[in-house]
Amino acid sequence: MASNAFDTTQVKDKRDAVNGRFTKIKSMAAARRAKLNESHRLHQFFRDLDDEESWIKEKKLLVGSEDYGRDLTGVQNLRKKHKRLEAELGAHEPAIQSVLDTGKKLSDDNTIGQEEIQQRLAQFVDHWKELNDLSGARGRRLEESLEYQQFVANVEEEEAWINEKLNLVGSEDYGDTLAAVQGLLKKHEAFETDFTVHRDRVSDVCANGEELIKKALEETWRNLQKIIKERELELQKEQRRQEENDKLRQEFAQHANAFHQWLVKLWSSRVSNVRKHQEIRAMRSQLKKIEDLGAAMEEALILDNKYTEHSTVGLAQQWDQLDQLGMRMQHNLEQQIQARNTTGVTEEALKEFSMMFKHFDKEKSGRLNHQEFKSCLRSLGYDLPMVEEGEPDPEFEAILDTVDPNRDGNVSLQEYMAFMISRETENVKSSEEIESAFRALSAENKPYVTKEELYQNLTREQADYCLSHMKPYLDSKGRELPSAFDFVEFTRSLFVN
C-alpha cells in the first residue's frame, strides 16, 4: 500500500467493511449463544420441575390413603411406614428448595417464558404444601388410630383376665378337708393380690376410654361447627345469588314492559309514516339490551319472572313484524316517488296494486303463477277475454311477454309492480301527495329535508336525483340553512314543468 500501486482508499474501505461485518456476525453469534443457553436452562428447569411434580404426585397417593389399620399390629406397621415417609419428605426438601431457587432466578433473569415460569412455580408451591398438609393429617390420624387400637387391645386383655377369674371366684368348691381349704385360701390370696394390680389397669383402661370418648366428642363438635359454618357461608352465597337474580329479573322486566308498551302504542298508530319506521329501527338497540338480559337470565338458570309476562322471543317477533311493516311502508314511499317522477302513479294506486298481489299470493311465496296473475289483473279492472283451456290468448300472452319474457311460469312482486306502474296513466292531480311524502322524511315536519334524511330513506340514485334538482332552503330572513333542501319548491316545479 505504501508503493501506491493500489487504490488505498478502496482497499481500506473494503477492509473496514469486512471487519465490520465480521464484528457484527460475531456479536450476533454471541447473542444467539446466550439465547440458546437461556433456552437450555429454561427447558432444563421445566424438566426438573416435571420430575419433582411426578415425585410429589406419587407421594400424595401414599399420604392420601384411607387405610389406618384394622388392629394394633397393622397400625404400628403403617405408623412406621409413615415415619419413614416423613423422613423422606424432610430429606427431599433441599431438592424442592433448589428447584424453587432456580425458578426464581430464571424468572428474574430470563426474558422468555417468564410468565409460564411464575405460573408453574406457584402451582409447584401449592402442590408441595398440599403434600405436607396431607402428610401431617395422615400422621395425626395414625396416632389416633394407634391410641384406639391400643385401647382395644388393653380392653381385650382385661376382659380375658376377668373371664378367667370369674371361673375361680364363682366356684362352689370350698374344700372338704383342712389341707384342701388351706390350698384354696392360698389361691384366693394370690387372686386378691393379682386383682389389686388389675384394678389399677382397669381404672387406667376406663380413664383412657373416657379420654377417647371426650376426644371423639370434641372432634365431632369441631366437625359440626365446621359444617355449620360452611353451610352458613353457602346460605349467604345463595342469598347473594338470589338477590342478584332478582335484580336481573327486575331489570329485564323494566326493559321488557317498557318495550311492550312502546310496541302496543306503535301498533295502534299502524306505522303510518317513515319517521315511525326510523323509530322502529332505533329501538333495535333496546331489543338487543333485552336479549342480552334474557341470555344472562338463561345462563343463571332463571326460568321464572314474577315481574313480567313478556319473553325475549315474543318481543322480538312483534318487533320483527313492525319492522317488516315499516319496510313495506318505506318501499311504498319509494315506489310513489319513483312513480311520480315517471308516470304519476298515486300512493293509493300503489297500495291497491300491492294488496291485490298479496290477496292472490295464497302461499305467501312472493310470486304469482300465470293463472293467479290473470285473476289479479281482472280484479284490477283489466278486461281480459275468457278463453277455454288450451286455446290461444294473444292479449294475455302479450302481457306475459313484458312481465315473464323467459316464461319461467311465475311473476314476482317486482315484475308485477313494474308492469302496473308502466300501465298506469292517471296523472297526479296536485303536488300535495309528493310534498307529504317528503314531509314524512323530514324530522318534526319541517318545510325542508336534509341530505342525511334523503340518503337514509331513499335509494342512492333517488337521493342523488333529488339533491341535483332541489334548491337550498332559505329561512324567513333569506338565510341559507346548511345541508337543508327545499322539497316544496322542488315538487311544485315538477308540476309546473
# chains A, B, ... in the order shown; residues from 1 in each chain; ligands from 1
call {"tool": "residues_around", "arguments": {"residues": "segment 393-399 of chain A", "least_positions_apart": "4", "cutoff": "10 Å", "atoms": "only C-alpha atoms", "output": "PyMOL selection string"}}
result
chain A and resi 370+373-374+377+383-389+403-405+419
call {"tool": "closest_atom_pairs", "arguments": {"of": "segment 24-131 of chain A", "to": "segment 141-148 of chain A", "cutoff": "12 Å", "atoms": "only C-alpha atoms", "output": "CSV"}}
result
residue,atom,partner,partner_atom,distance
A:Val63,CA,A:Arg141,CA,10.9
A:Gly64,CA,A:Arg141,CA,11.4
A:Ser65,CA,A:Arg141,CA,10.9
A:Glu66,CA,A:Arg141,CA,9.5
A:Asp67,CA,A:Leu142,CA,9.1
A:Tyr68,CA,A:Leu142,CA,5.8
A:Gly69,CA,A:Ser145,CA,7.3
A:Arg70,CA,A:Ser145,CA,8.9
A:Asp71,CA,A:Leu146,CA,8.6
A:Leu72,CA,A:Leu146,CA,6.6
A:Thr73,CA,A:Leu146,CA,9.1
A:Gly74,CA,A:Leu146,CA,9.1
A:Val75,CA,A:Leu146,CA,5.8
A:Gln76,CA,A:Leu146,CA,6.9
A:Asn77,CA,A:Leu146,CA,10.2
A:Leu78,CA,A:Leu142,CA,7.6
A:Arg79,CA,A:Leu142,CA,6.2
A:Lys80,CA,A:Leu142,CA,10.0
A:Lys81,CA,A:Leu142,CA,10.7
A:His82,CA,A:Leu142,CA,8.6
A:Lys83,CA,A:Leu142,CA,10.5
call {"tool": "write_last_selection", "arguments": {"atoms": "N, CA and C atoms", "output": "PDB file, in the first residue's frame"}}
result
ATOM      1  N   VAL A  63     -49.903 -40.654  51.032  1.00  0.00           N
ATOM      2  CA  VAL A  63     -50.438 -39.924  52.185  1.00  0.00           C
ATOM      3  C   VAL A  63     -51.950 -39.720  52.070  1.00  0.00           C
ATOM      4  N   GLY A  64     -52.509 -39.941  50.858  1.00  0.00           N
ATOM      5  CA  GLY A  64     -53.949 -39.800  50.691  1.00  0.00           C
ATOM      6  C   GLY A  64     -54.722 -41.071  50.986  1.00  0.00           C
ATOM      7  N   SER A  65     -54.021 -42.134  51.423  1.00  0.00           N
ATOM      8  CA  SER A  65     -54.683 -43.408  51.709  1.00  0.00           C
ATOM      9  C   SER A  65     -55.621 -43.289  52.902  1.00  0.00           C
ATOM     10  N   GLU A  66     -56.734 -44.043  52.830  1.00  0.00           N
ATOM     11  CA  GLU A  66     -57.704 -44.065  53.922  1.00  0.00           C
ATOM     12  C   GLU A  66     -57.512 -45.278  54.827  1.00  0.00           C
ATOM     13  N   ASP A  67     -56.441 -46.017  54.640  1.00  0.00           N
ATOM     14  CA  ASP A  67     -56.159 -47.202  55.454  1.00  0.00           C
ATOM     15  C   ASP A  67     -55.386 -46.773  56.700  1.00  0.00           C
ATOM     16  N   TYR A  68     -56.024 -46.925  57.877  1.00  0.00           N
ATOM     17  CA  TYR A  68     -55.373 -46.559  59.133  1.00  0.00           C
ATOM     18  C   TYR A  68     -55.174 -47.780  60.046  1.00  0.00           C
ATOM     19  N   GLY A  69     -55.279 -48.973  59.476  1.00  0.00           N
ATOM     20  CA  GLY A  69     -55.031 -50.194  60.239  1.00  0.00           C
ATOM     21  C   GLY A  69     -56.284 -50.749  60.875  1.00  0.00           C
ATOM     22  N   ARG A  70     -56.375 -52.103  60.874  1.00  0.00           N
ATOM     23  CA  ARG A  70     -57.541 -52.767  61.458  1.00  0.00           C
ATOM     24  C   ARG A  70     -57.267 -53.348  62.839  1.00  0.00           C
ATOM     25  N   ASP A  71     -56.022 -53.399  63.208  1.00  0.00           N
ATOM     26  CA  ASP A  71     -55.649 -53.878  64.532  1.00  0.00           C
ATOM     27  C   ASP A  71     -54.380 -53.165  64.959  1.00  0.00           C
ATOM     28  N   LEU A  72     -53.932 -53.511  66.175  1.00  0.00           N
ATOM     29  CA  LEU A  72     -52.781 -52.812  66.737  1.00  0.00           C
ATOM     30  C   LEU A  72     -51.529 -53.032  65.897  1.00  0.00           C
ATOM     31  N   THR A  73     -51.309 -54.259  65.465  1.00  0.00           N
ATOM     32  CA  THR A  73     -50.104 -54.560  64.672  1.00  0.00           C
ATOM     33  C   THR A  73     -50.146 -53.813  63.341  1.00  0.00           C
ATOM     34  N   GLY A  74     -51.325 -53.790  62.700  1.00  0.00           N
ATOM     35  CA  GLY A  74     -51.457 -53.090  61.423  1.00  0.00           C
ATOM     36  C   GLY A  74     -51.192 -51.597  61.555  1.00  0.00           C
ATOM     37  N   VAL A  75     -51.708 -50.987  62.616  1.00  0.00           N
ATOM     38  CA  VAL A  75     -51.484 -49.564  62.834  1.00  0.00           C
ATOM     39  C   VAL A  75     -50.009 -49.282  63.076  1.00  0.00           C
ATOM     40  N   GLN A  76     -49.376 -50.139  63.891  1.00  0.00           N
ATOM     41  CA  GLN A  76     -47.956 -49.931  64.184  1.00  0.00           C
ATOM     42  C   GLN A  76     -47.111 -50.008  62.918  1.00  0.00           C
ATOM     43  N   ASN A  77     -47.418 -50.950  62.029  1.00  0.00           N
ATOM     44  CA  ASN A  77     -46.669 -51.056  60.769  1.00  0.00           C
ATOM     45  C   ASN A  77     -46.888 -49.833  59.870  1.00  0.00           C
ATOM     46  N   LEU A  78     -48.160 -49.384  59.772  1.00  0.00           N
ATOM     47  CA  LEU A  78     -48.452 -48.198  58.970  1.00  0.00           C
ATOM     48  C   LEU A  78     -47.772 -46.966  59.541  1.00  0.00           C
ATOM     49  N   ARG A  79     -47.713 -46.899  60.870  1.00  0.00           N
ATOM     50  CA  ARG A  79     -47.084 -45.741  61.516  1.00  0.00           C
ATOM     51  C   ARG A  79     -45.585 -45.712  61.222  1.00  0.00           C
ATOM     52  N   LYS A  80     -44.953 -46.893  61.217  1.00  0.00           N
ATOM     53  CA  LYS A  80     -43.518 -46.954  60.895  1.00  0.00           C
ATOM     54  C   LYS A  80     -43.279 -46.501  59.453  1.00  0.00           C
ATOM     55  N   LYS A  81     -44.151 -46.966  58.537  1.00  0.00           N
ATOM     56  CA  LYS A  81     -44.009 -46.550  57.139  1.00  0.00           C
ATOM     57  C   LYS A  81     -44.170 -45.040  56.992  1.00  0.00           C
ATOM     58  N   HIS A  82     -45.130 -44.515  57.744  1.00  0.00           N
ATOM     59  CA  HIS A  82     -45.358 -43.075  57.642  1.00  0.00           C
ATOM     60  C   HIS A  82     -44.185 -42.281  58.204  1.00  0.00           C
ATOM     61  N   LYS A  83     -43.583 -42.779  59.262  1.00  0.00           N
ATOM     62  CA  LYS A  83     -42.404 -42.113  59.815  1.00  0.00           C
ATOM     63  C   LYS A  83     -41.285 -42.065  58.777  1.00  0.00           C
TER      64      LYS A  83
END
call {"tool": "select_by_dssp", "arguments": {"residues": "segment 351-454 of chain A", "states": "helix (DSSP H, G or I)", "output": "PyMOL selection string"}}
result
chain A and resi 351-360+370-379+394-403+413-423+432-441+443-445+451-454
call {"tool": "write_last_selection", "arguments": {"atoms": "C-alpha atoms", "output": "tab-separated table (two decimals), in the first residue's frame"}}
result
chain	number	residue	atom	x	y	z
A	351	LYS	CA	-101.28	0.29	-2.20
A	352	GLU	CA	-104.09	-1.25	-4.21
A	353	PHE	CA	-101.58	-3.00	-6.52
A	354	SER	CA	-99.67	-4.38	-3.54
A	355	MET	CA	-102.76	-5.51	-1.62
A	356	MET	CA	-104.18	-7.25	-4.69
A	357	PHE	CA	-100.91	-9.10	-5.29
A	358	LYS	CA	-100.89	-10.33	-1.68
A	359	HIS	CA	-104.52	-11.39	-1.95
A	360	PHE	CA	-103.78	-13.76	-4.84
A	370	HIS	CA	-99.88	-17.17	-14.68
A	371	GLN	CA	-103.45	-18.06	-13.69
A	372	GLU	CA	-103.18	-16.12	-10.39
A	373	PHE	CA	-101.65	-13.18	-12.26
A	374	LYS	CA	-104.53	-13.19	-14.77
A	375	SER	CA	-107.11	-13.26	-11.93
A	376	CYS	CA	-105.30	-10.39	-10.24
A	377	LEU	CA	-105.41	-8.27	-13.42
A	378	ARG	CA	-109.14	-8.92	-13.83
A	379	SER	CA	-109.70	-7.83	-10.21
A	394	PRO	CA	-102.90	-13.36	-27.51
A	395	GLU	CA	-103.78	-10.39	-25.29
A	396	PHE	CA	-102.58	-12.11	-22.09
A	397	GLU	CA	-99.58	-13.58	-23.92
A	398	ALA	CA	-98.57	-10.02	-24.88
A	399	ILE	CA	-98.69	-9.05	-21.21
A	400	LEU	CA	-96.57	-12.10	-20.29
A	401	ASP	CA	-94.01	-11.05	-22.91
A	402	THR	CA	-93.47	-8.00	-20.70
A	403	VAL	CA	-93.60	-9.46	-17.17
A	413	LEU	CA	-93.77	-8.74	-6.92
A	414	GLN	CA	-91.11	-6.51	-8.52
A	415	GLU	CA	-92.09	-7.58	-12.04
A	416	TYR	CA	-95.76	-7.12	-11.22
A	417	MET	CA	-95.29	-3.62	-9.72
A	418	ALA	CA	-93.11	-2.51	-12.64
A	419	PHE	CA	-95.80	-3.66	-15.09
A	420	MET	CA	-98.64	-1.96	-13.22
A	421	ILE	CA	-96.72	1.30	-12.90
A	422	SER	CA	-95.87	1.25	-16.59
A	423	ARG	CA	-99.56	0.76	-17.45
A	432	GLU	CA	-99.64	17.68	-2.12
A	433	GLU	CA	-99.08	13.91	-2.18
A	434	ILE	CA	-95.40	14.25	-3.11
A	435	GLU	CA	-94.93	17.03	-0.55
A	436	SER	CA	-96.48	14.79	2.12
A	437	ALA	CA	-94.07	12.03	1.21
A	438	PHE	CA	-91.06	14.34	1.60
A	439	ARG	CA	-92.51	15.80	4.79
A	440	ALA	CA	-92.64	12.28	6.24
A	441	LEU	CA	-88.89	12.06	5.68
A	443	ALA	CA	-87.86	15.42	11.23
A	444	GLU	CA	-90.63	17.30	13.06
A	445	ASN	CA	-92.46	18.03	9.76
A	451	LYS	CA	-79.09	15.39	2.86
A	452	GLU	CA	-78.75	12.74	5.57
A	453	GLU	CA	-82.53	12.16	5.65
A	454	LEU	CA	-82.64	11.69	1.88
call {"tool": "residues_around", "arguments": {"residues": "Phe45 of chain A", "least_positions_apart": "5", "cutoff": "10 Å", "atoms": "only C-alpha atoms", "output": "list in words"}}
result
Ser39, His40, Asp50, Asp51, Val99, Leu100, Thr102, Gly103, Leu106 and Ile117 of chain A
call {"tool": "write_last_selection", "arguments": {"atoms": "all heavy atoms", "output": "PDB file, in the first residue's frame"}}
result
ATOM      1  N   SER A  39     -32.387 -20.648  26.794  1.00  0.00           N
ATOM      2  CA  SER A  39     -33.425 -21.623  26.469  1.00  0.00           C
ATOM      3  C   SER A  39     -33.112 -22.989  27.069  1.00  0.00           C
ATOM      4  O   SER A  39     -34.007 -23.683  27.563  1.00  0.00           O
ATOM      5  CB  SER A  39     -33.570 -21.739  24.952  1.00  0.00           C
ATOM      6  OG  SER A  39     -34.547 -22.670  24.597  1.00  0.00           O
ATOM      7  N   HIS A  40     -31.822 -23.355  27.059  1.00  0.00           N
ATOM      8  CA  HIS A  40     -31.413 -24.645  27.640  1.00  0.00           C
ATOM      9  C   HIS A  40     -31.692 -24.672  29.133  1.00  0.00           C
ATOM     10  O   HIS A  40     -32.220 -25.664  29.671  1.00  0.00           O
ATOM     11  CB  HIS A  40     -29.924 -24.878  27.365  1.00  0.00           C
ATOM     12  CG  HIS A  40     -29.411 -26.159  27.956  1.00  0.00           C
ATOM     13  ND1 HIS A  40     -28.787 -26.202  29.190  1.00  0.00           N
ATOM     14  CD2 HIS A  40     -29.467 -27.436  27.504  1.00  0.00           C
ATOM     15  CE1 HIS A  40     -28.455 -27.454  29.463  1.00  0.00           C
ATOM     16  NE2 HIS A  40     -28.852 -28.220  28.461  1.00  0.00           N
ATOM     17  N   ASP A  50     -40.884 -30.953  36.269  1.00  0.00           N
ATOM     18  CA  ASP A  50     -41.774 -32.086  35.963  1.00  0.00           C
ATOM     19  C   ASP A  50     -41.405 -33.310  36.795  1.00  0.00           C
ATOM     20  O   ASP A  50     -42.294 -34.040  37.269  1.00  0.00           O
ATOM     21  CB  ASP A  50     -41.701 -32.425  34.470  1.00  0.00           C
ATOM     22  CG  ASP A  50     -42.353 -31.358  33.599  1.00  0.00           C
ATOM     23  OD1 ASP A  50     -43.203 -30.619  34.121  1.00  0.00           O
ATOM     24  OD2 ASP A  50     -41.994 -31.265  32.409  1.00  0.00           O
ATOM     25  N   ASP A  51     -40.096 -33.555  36.974  1.00  0.00           N
ATOM     26  CA  ASP A  51     -39.657 -34.692  37.791  1.00  0.00           C
ATOM     27  C   ASP A  51     -40.137 -34.538  39.229  1.00  0.00           C
ATOM     28  O   ASP A  51     -40.627 -35.505  39.838  1.00  0.00           O
ATOM     29  CB  ASP A  51     -38.130 -34.808  37.753  1.00  0.00           C
ATOM     30  CG  ASP A  51     -37.619 -35.229  36.378  1.00  0.00           C
ATOM     31  OD1 ASP A  51     -38.434 -35.754  35.585  1.00  0.00           O
ATOM     32  OD2 ASP A  51     -36.424 -35.020  36.099  1.00  0.00           O
ATOM     33  N   VAL A  99     -35.069 -26.306  43.321  1.00  0.00           N
ATOM     34  CA  VAL A  99     -35.895 -26.046  42.133  1.00  0.00           C
ATOM     35  C   VAL A  99     -36.559 -24.677  42.241  1.00  0.00           C
ATOM     36  O   VAL A  99     -36.610 -23.914  41.267  1.00  0.00           O
ATOM     37  CB  VAL A  99     -36.947 -27.158  41.959  1.00  0.00           C
ATOM     38  CG1 VAL A  99     -37.934 -26.796  40.859  1.00  0.00           C
ATOM     39  CG2 VAL A  99     -36.281 -28.482  41.633  1.00  0.00           C
ATOM     40  N   LEU A 100     -37.040 -24.336  43.447  1.00  0.00           N
ATOM     41  CA  LEU A 100     -37.677 -23.033  43.641  1.00  0.00           C
ATOM     42  C   LEU A 100     -36.682 -21.895  43.422  1.00  0.00           C
ATOM     43  O   LEU A 100     -37.009 -20.882  42.784  1.00  0.00           O
ATOM     44  CB  LEU A 100     -38.281 -22.948  45.044  1.00  0.00           C
ATOM     45  CG  LEU A 100     -39.494 -23.843  45.316  1.00  0.00           C
ATOM     46  CD1 LEU A 100     -39.903 -23.753  46.775  1.00  0.00           C
ATOM     47  CD2 LEU A 100     -40.664 -23.453  44.430  1.00  0.00           C
ATOM     48  N   THR A 102     -33.937 -22.002  41.604  1.00  0.00           N
ATOM     49  CA  THR A 102     -33.619 -21.939  40.175  1.00  0.00           C
ATOM     50  C   THR A 102     -34.719 -21.237  39.401  1.00  0.00           C
ATOM     51  O   THR A 102     -34.453 -20.398  38.523  1.00  0.00           O
ATOM     52  CB  THR A 102     -33.418 -23.354  39.621  1.00  0.00           C
ATOM     53  OG1 THR A 102     -32.364 -24.003  40.345  1.00  0.00           O
ATOM     54  CG2 THR A 102     -33.063 -23.318  38.146  1.00  0.00           C
ATOM     55  N   GLY A 103     -35.955 -21.569  39.712  1.00  0.00           N
ATOM     56  CA  GLY A 103     -37.082 -20.941  39.030  1.00  0.00           C
ATOM     57  C   GLY A 103     -37.149 -19.451  39.288  1.00  0.00           C
ATOM     58  O   GLY A 103     -37.412 -18.659  38.379  1.00  0.00           O
ATOM     59  N   LEU A 106     -34.400 -17.791  37.260  1.00  0.00           N
ATOM     60  CA  LEU A 106     -34.764 -17.733  35.842  1.00  0.00           C
ATOM     61  C   LEU A 106     -35.831 -16.674  35.596  1.00  0.00           C
ATOM     62  O   LEU A 106     -35.801 -15.964  34.587  1.00  0.00           O
ATOM     63  CB  LEU A 106     -35.265 -19.097  35.371  1.00  0.00           C
ATOM     64  CG  LEU A 106     -34.202 -20.176  35.140  1.00  0.00           C
ATOM     65  CD1 LEU A 106     -34.869 -21.512  34.847  1.00  0.00           C
ATOM     66  CD2 LEU A 106     -33.288 -19.796  33.988  1.00  0.00           C
ATOM     67  N   ILE A 117     -43.015 -19.497  33.816  1.00  0.00           N
ATOM     68  CA  ILE A 117     -42.204 -19.889  34.975  1.00  0.00           C
ATOM     69  C   ILE A 117     -42.931 -19.536  36.269  1.00  0.00           C
ATOM     70  O   ILE A 117     -43.029 -20.355  37.198  1.00  0.00           O
ATOM     71  CB  ILE A 117     -40.818 -19.196  34.927  1.00  0.00           C
ATOM     72  CG1 ILE A 117     -39.998 -19.730  33.757  1.00  0.00           C
ATOM     73  CG2 ILE A 117     -40.061 -19.403  36.231  1.00  0.00           C
ATOM     74  CD1 ILE A 117     -38.713 -18.979  33.528  1.00  0.00           C
TER      75      ILE A 117
END
call {"tool": "atom_distance", "arguments": {"atom1": "atom CA of Ser412 of chain A", "atom2": "atom CA of Leu350 of chain A"}}
result
15.5 Å
call {"tool": "atom_distance", "arguments": {"atom1": "atom CA of Thr196 of chain A", "atom2": "atom CA of Ala179 of chain A"}}
result
26.2 Å
call {"tool": "closest_residue", "arguments": {"among": "A:Lys214, A:His127, A:Lys35, A:His255", "to": "Ser285 of chain A", "atoms": "only C-alpha atoms"}}
result
A:His255
call {"tool": "residues_around", "arguments": {"residues": "Gly314 of chain A", "least_positions_apart": "5", "cutoff": "10 Å", "atoms": "only C-alpha atoms", "output": "list in words"}}
result
His260, Trp319 and Asp320 of chain A
call {"tool": "atom_distance", "arguments": {"atom1": "atom CA of Ala295 of chain A", "atom2": "atom CA of Gln324 of chain A"}}
result
24.7 Å
call {"tool": "residues_around", "arguments": {"residues": "segment 470-486 of chain A", "least_positions_apart": "4", "cutoff": "8 Å", "atoms": "only C-alpha atoms", "output": "list in words"}}
result
Pro447, Tyr448, Val449, Thr450, Lys451, Cys466 and Phe490 of chain A
call {"tool": "closest_residue", "arguments": {"among": "A:Ile162, A:Lys288, A:Lys187, A:Lys364", "to": "Tyr174 of chain A", "atoms": "only C-alpha atoms"}}
result
A:Lys187
